[in-house]
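This report refers to the structure that appears directly beneath it.
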Amino acid sequence: MNISDTKATLSFSDGSPSIDMPIYKGTIGPDVVDIRKLYGQTGKFTYDPGFMSTAACNSSITYIDGDKGELLYRGYPIEQLAENCDFLETCYLLLNGELPNAEQKAKFSDTVTKHTMVHEQMQFFFRGFRRDAHPMSVLVGTVGALASFYHDSLDINDPKQREISAIRLIAKLPTLVAMAYKYTIGQPFMYPRNDLSYSANFMHMMFANPCEEYKVNDVLVRALDRILILHADHEQNASTSTVRLAGSSGANPFACIAAGIACLWGPAHGGANEAALTMLKEIGSVENIPAFIEKVKDKNSGVKLMGFGHRVYKNFDPRAKLMRETCHEVLEELGLQEDPLFKLAMELERIALEDEYFVSRKLYPNVDFYSGIVQSALGIPVSLFTGIFAMARTIGWIAQWNEMIADPEQKIGRPRQLFVGSPVRDVTSIDKR
């Protein structure tokens with residue numbers, strides 16, 4: 001973080017003295033105005049609902065340029081990582097800042113693999129949930145409960161213990177997600193297997209049962225791996241900011257990740273791919289698309305197009321192009337091109353890419369549109385989509401949390417407010433109210 005030669009000067013029309021504020025330059029992206037002394041010097045706060053113009057931290061992990069449609073993990077374009085790396089290589093990169101060599105990758109993969117089992121008592125923990133409990137509520141509870149089982153890695157000031165917690169969270173999330181699924185359908189839990197890759201192991205725990213051998217399909221495993229890579233981190237989004245805010249109080253890492261999962265559960269965040277698939281089912285068939293499109297164009301209809309456009313990416317979501325390739329590969333591998341739901345999705349995609357209404361507004365299909373289709377094709381139920389998202393994003397959360405704890409400028413989060421309630425008043429006795 002380099003200080004700029006230029007300063008920002010804030011002047012007031014009421015005659016109050018103006019103040020100079022330093023400007024810092026990042027490696028790439030917008031400069032930031034340092035307003036830390038604003039309140040002390042002026043008695044005034046800034047007002048920025050949603051923090052749309054506020055940098056709450058400095059970070060060297062992920063960079064997004066929404067106008068260019070660019071996403072970088074530690075400087076590497078997401079396209080190159082998705083094409084050339086697997087998920088655990090991406091995890092190593094996000095945690096450590098560099099891609100592993102062959103020896104480092106083997107050691108890291110082995111360490112993660114040997115932490116995939118959860119404490120045997122966890123299976124009794126699950127019995128406290130109703131069978132129809134939403135997987136995200138189960139994950140909030142079980143991930144938070146991990147702190148009860150691993151007291152040896154809760155000292156957040158010890159870098160070694162932070163590393164152990166990071167490994168445990170990356171390793172155990174797939175196991176817990178799969179357990180949440182098995183519990184809701186009444187099937188026995190499947191233990192993780194050390195001879196399978198990270199994504200293959202997850203699919204085995206999801207879809208195997210003790211009655212017959214489960215055959216791993218490499219095309220489908222690679223598709224899941226790509227979903228995980230594309231969702232691994234996304235800068236200071238709502239759930240990541242939640243993890244950082246929880247972590248700023250000194251909370252243990254398991255509690256912080258549980259807080260992130262709770263935030264991700266919201267339909268405006270992690271629930272977008274679930275909403276996109278729900279929308280497709282509501283449209284019903286290809287014949288109904290024109291009428292649906294007309295409703296979308298009518299501002300008074302209240303009908304929204306889910307899975308298109310993005311709050312950050314103003315041109316296109318770089319992850320969507322990669323997910324689109326994977327989507328078509330999976331549908332072809334499983335022979336689902338003629339399935340009514342997937343046929344409908346592909347037709348909606350075609351119209352959105354050609355219709356002037358969508359093109360002019362840059363409402364291109366985003367990563368959620370395609371990932372929902374891919375997960376549905378893989379046999380993952382809609383209710384578990386956000387759980388898969390949480391499994392992927394855990395590495396981003398833990399990397400961001402780790403970075404924050406090690407940051408000497410880190411302070412407990414304490415947003416300010418513009419108070420618009422009643423001024424001071426006196427309490428009257430109850431007979432006079």
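Residues in the structure tokens are numbered from 1 in each chain, the chains being A, B, ... in the order shown, and ligands are numbered from 1 in the order shown.
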
Item to complete: Might you pull out every residue within 7 Å of Met21 of chain A, with only C-alpha atoms counted and same-chain residues fewer than 3 positions away left off, and present them as a list in words?
Response: Lys7, Ala8, Thr9, Val33, Asp34 and Ile35 of chain A

Item to complete: Could you please write out, as a PyMOL selection string, every residue of segment 312-354 of chain A that DSSP assigns to helix (DSSP H, G or I)?
Response: chain A and resi 318-333+340-354

Could you write out that same residue set with N, CA and C atoms as a PDB file, in the first residue's frame?
```
ATOM      1  N   PRO A 318     -16.627 -13.262 -15.819  1.00  0.00           N
ATOM      2  CA  PRO A 318     -15.625 -14.144 -16.436  1.00  0.00           C
ATOM      3  C   PRO A 318     -15.815 -15.607 -16.049  1.00  0.00           C
ATOM      4  N   ARG A 319     -16.452 -15.848 -14.912  1.00  0.00           N
ATOM      5  CA  ARG A 319     -16.690 -17.222 -14.456  1.00  0.00           C
ATOM      6  C   ARG A 319     -17.782 -17.889 -15.278  1.00  0.00           C
ATOM      7  N   ALA A 320     -18.685 -17.059 -15.849  1.00  0.00           N
ATOM      8  CA  ALA A 320     -19.831 -17.616 -16.578  1.00  0.00           C
ATOM      9  C   ALA A 320     -19.389 -18.337 -17.848  1.00  0.00           C
ATOM     10  N   LYS A 321     -18.411 -17.777 -18.555  1.00  0.00           N
ATOM     11  CA  LYS A 321     -17.926 -18.397 -19.791  1.00  0.00           C
ATOM     12  C   LYS A 321     -17.357 -19.789 -19.497  1.00  0.00           C
ATOM     13  N   LEU A 322     -16.591 -19.888 -18.417  1.00  0.00           N
ATOM     14  CA  LEU A 322     -16.006 -21.174 -18.030  1.00  0.00           C
ATOM     15  C   LEU A 322     -17.083 -22.157 -17.587  1.00  0.00           C
ATOM     16  N   MET A 323     -18.064 -21.648 -16.842  1.00  0.00           N
ATOM     17  CA  MET A 323     -19.140 -22.505 -16.360  1.00  0.00           C
ATOM     18  C   MET A 323     -20.034 -22.952 -17.508  1.00  0.00           C
ATOM     19  N   ARG A 324     -20.152 -22.094 -18.531  1.00  0.00           N
ATOM     20  CA  ARG A 324     -20.955 -22.446 -19.714  1.00  0.00           C
ATOM     21  C   ARG A 324     -20.333 -23.656 -20.428  1.00  0.00           C
ATOM     22  N   GLU A 325     -18.999 -23.637 -20.587  1.00  0.00           N
ATOM     23  CA  GLU A 325     -18.303 -24.770 -21.218  1.00  0.00           C
ATOM     24  C   GLU A 325     -18.558 -26.047 -20.418  1.00  0.00           C
ATOM     25  N   THR A 326     -18.402 -25.937 -19.110  1.00  0.00           N
ATOM     26  CA  THR A 326     -18.608 -27.089 -18.232  1.00  0.00           C
ATOM     27  C   THR A 326     -20.045 -27.582 -18.313  1.00  0.00           C
ATOM     28  N   CYS A 327     -20.974 -26.649 -18.361  1.00  0.00           N
ATOM     29  CA  CYS A 327     -22.398 -26.992 -18.442  1.00  0.00           C
ATOM     30  C   CYS A 327     -22.672 -27.855 -19.675  1.00  0.00           C
ATOM     31  N   HIS A 328     -22.176 -27.412 -20.813  1.00  0.00           N
ATOM     32  CA  HIS A 328     -22.419 -28.167 -22.045  1.00  0.00           C
ATOM     33  C   HIS A 328     -21.701 -29.519 -22.034  1.00  0.00           C
ATOM     34  N   GLU A 329     -20.502 -29.571 -21.421  1.00  0.00           N
ATOM     35  CA  GLU A 329     -19.771 -30.847 -21.306  1.00  0.00           C
ATOM     36  C   GLU A 329     -20.565 -31.855 -20.475  1.00  0.00           C
ATOM     37  N   VAL A 330     -21.100 -31.382 -19.366  1.00  0.00           N
ATOM     38  CA  VAL A 330     -21.841 -32.275 -18.460  1.00  0.00           C
ATOM     39  C   VAL A 330     -23.135 -32.765 -19.110  1.00  0.00           C
ATOM     40  N   LEU A 331     -23.872 -31.854 -19.752  1.00  0.00           N
ATOM     41  CA  LEU A 331     -25.126 -32.253 -20.395  1.00  0.00           C
ATOM     42  C   LEU A 331     -24.864 -33.278 -21.497  1.00  0.00           C
ATOM     43  N   GLU A 332     -23.743 -33.085 -22.218  1.00  0.00           N
ATOM     44  CA  GLU A 332     -23.390 -34.030 -23.292  1.00  0.00           C
ATOM     45  C   GLU A 332     -22.977 -35.380 -22.701  1.00  0.00           C
ATOM     46  N   GLU A 333     -22.167 -35.346 -21.646  1.00  0.00           N
ATOM     47  CA  GLU A 333     -21.696 -36.583 -21.007  1.00  0.00           C
ATOM     48  C   GLU A 333     -22.865 -37.405 -20.480  1.00  0.00           C
ATOM     49  N   PRO A 340     -36.205 -31.678 -20.840  1.00  0.00           N
ATOM     50  CA  PRO A 340     -37.005 -30.444 -20.968  1.00  0.00           C
ATOM     51  C   PRO A 340     -36.446 -29.254 -20.193  1.00  0.00           C
ATOM     52  N   LEU A 341     -35.988 -29.495 -18.966  1.00  0.00           N
ATOM     53  CA  LEU A 341     -35.480 -28.385 -18.155  1.00  0.00           C
ATOM     54  C   LEU A 341     -34.215 -27.788 -18.763  1.00  0.00           C
ATOM     55  N   PHE A 342     -33.303 -28.669 -19.204  1.00  0.00           N
ATOM     56  CA  PHE A 342     -32.034 -28.173 -19.734  1.00  0.00           C
ATOM     57  C   PHE A 342     -32.209 -27.584 -21.130  1.00  0.00           C
ATOM     58  N   LYS A 343     -33.139 -28.128 -21.877  1.00  0.00           N
ATOM     59  CA  LYS A 343     -33.464 -27.557 -23.193  1.00  0.00           C
ATOM     60  C   LYS A 343     -34.011 -26.136 -23.019  1.00  0.00           C
ATOM     61  N   LEU A 344     -34.856 -25.985 -22.020  1.00  0.00           N
ATOM     62  CA  LEU A 344     -35.423 -24.681 -21.696  1.00  0.00           C
ATOM     63  C   LEU A 344     -34.307 -23.699 -21.306  1.00  0.00           C
ATOM     64  N   ALA A 345     -33.378 -24.145 -20.496  1.00  0.00           N
ATOM     65  CA  ALA A 345     -32.276 -23.280 -20.054  1.00  0.00           C
ATOM     66  C   ALA A 345     -31.431 -22.815 -21.227  1.00  0.00           C
ATOM     67  N   MET A 346     -31.133 -23.722 -22.140  1.00  0.00           N
ATOM     68  CA  MET A 346     -30.300 -23.370 -23.290  1.00  0.00           C
ATOM     69  C   MET A 346     -31.023 -22.416 -24.238  1.00  0.00           C
ATOM     70  N   GLU A 347     -32.328 -22.555 -24.352  1.00  0.00           N
ATOM     71  CA  GLU A 347     -33.098 -21.646 -25.204  1.00  0.00           C
ATOM     72  C   GLU A 347     -33.166 -20.253 -24.566  1.00  0.00           C
ATOM     73  N   LEU A 348     -33.330 -20.212 -23.263  1.00  0.00           N
ATOM     74  CA  LEU A 348     -33.352 -18.923 -22.563  1.00  0.00           C
ATOM     75  C   LEU A 348     -31.986 -18.243 -22.693  1.00  0.00           C
ATOM     76  N   GLU A 349     -30.927 -19.028 -22.607  1.00  0.00           N
ATOM     77  CA  GLU A 349     -29.573 -18.504 -22.800  1.00  0.00           C
ATOM     78  C   GLU A 349     -29.433 -17.887 -24.193  1.00  0.00           C
ATOM     79  N   ARG A 350     -29.910 -18.611 -25.216  1.00  0.00           N
ATOM     80  CA  ARG A 350     -29.795 -18.125 -26.601  1.00  0.00           C
ATOM     81  C   ARG A 350     -30.528 -16.797 -26.790  1.00  0.00           C
ATOM     82  N   ILE A 351     -31.735 -16.724 -26.252  1.00  0.00           N
ATOM     83  CA  ILE A 351     -32.534 -15.498 -26.401  1.00  0.00           C
ATOM     84  C   ILE A 351     -31.858 -14.329 -25.681  1.00  0.00           C
ATOM     85  N   ALA A 352     -31.369 -14.582 -24.480  1.00  0.00           N
ATOM     86  CA  ALA A 352     -30.746 -13.516 -23.697  1.00  0.00           C
ATOM     87  C   ALA A 352     -29.498 -12.961 -24.380  1.00  0.00           C
ATOM     88  N   LEU A 353     -28.793 -13.818 -25.104  1.00  0.00           N
ATOM     89  CA  LEU A 353     -27.568 -13.382 -25.786  1.00  0.00           C
ATOM     90  C   LEU A 353     -27.866 -12.663 -27.098  1.00  0.00           C
ATOM     91  N   GLU A 354     -29.111 -12.752 -27.582  1.00  0.00           N
ATOM     92  CA  GLU A 354     -29.459 -12.136 -28.868  1.00  0.00           C
ATOM     93  C   GLU A 354     -30.460 -10.995 -28.740  1.00  0.00           C
TER      94      GLU A 354
END
```

Pull the closest atom pair for each residue of segment 184-270 of chain A that gets at most 8 Å from segment 357-379 of chain A, along with the distance in Å to one decimal, counting only C-alpha atoms, ordering rows by chain and then ascending residue number, as CSV.
```
residue,atom,partner,partner_atom,distance
A:Leu220,CA,A:Leu378,CA,7.0
A:Ala223,CA,A:Val374,CA,7.8
A:Leu224,CA,A:Gln375,CA,7.9
A:Ile227,CA,A:Ser371,CA,6.8
```

Worksheet item: Skipping near chain neighbours, those fewer than 6 positions away, what residues fall within 12 Å of segment 81-90 of chain A using only C-alpha atoms, listed as JSON, numbers by chain?
Response: {"A": [61, 62, 71, 72, 73, 74, 75, 96, 97, 98, 99, 100, 101, 102, 103, 104, 105, 106, 107, 108, 109, 110, 111, 112, 113, 167, 170, 171, 197, 198, 199, 200, 221, 222, 223, 224, 225, 226, 227, 228, 229, 230, 231, 232, 233, 318, 319, 320, 321, 322, 323, 325, 326, 391, 392, 393, 394, 395, 396, 399]}
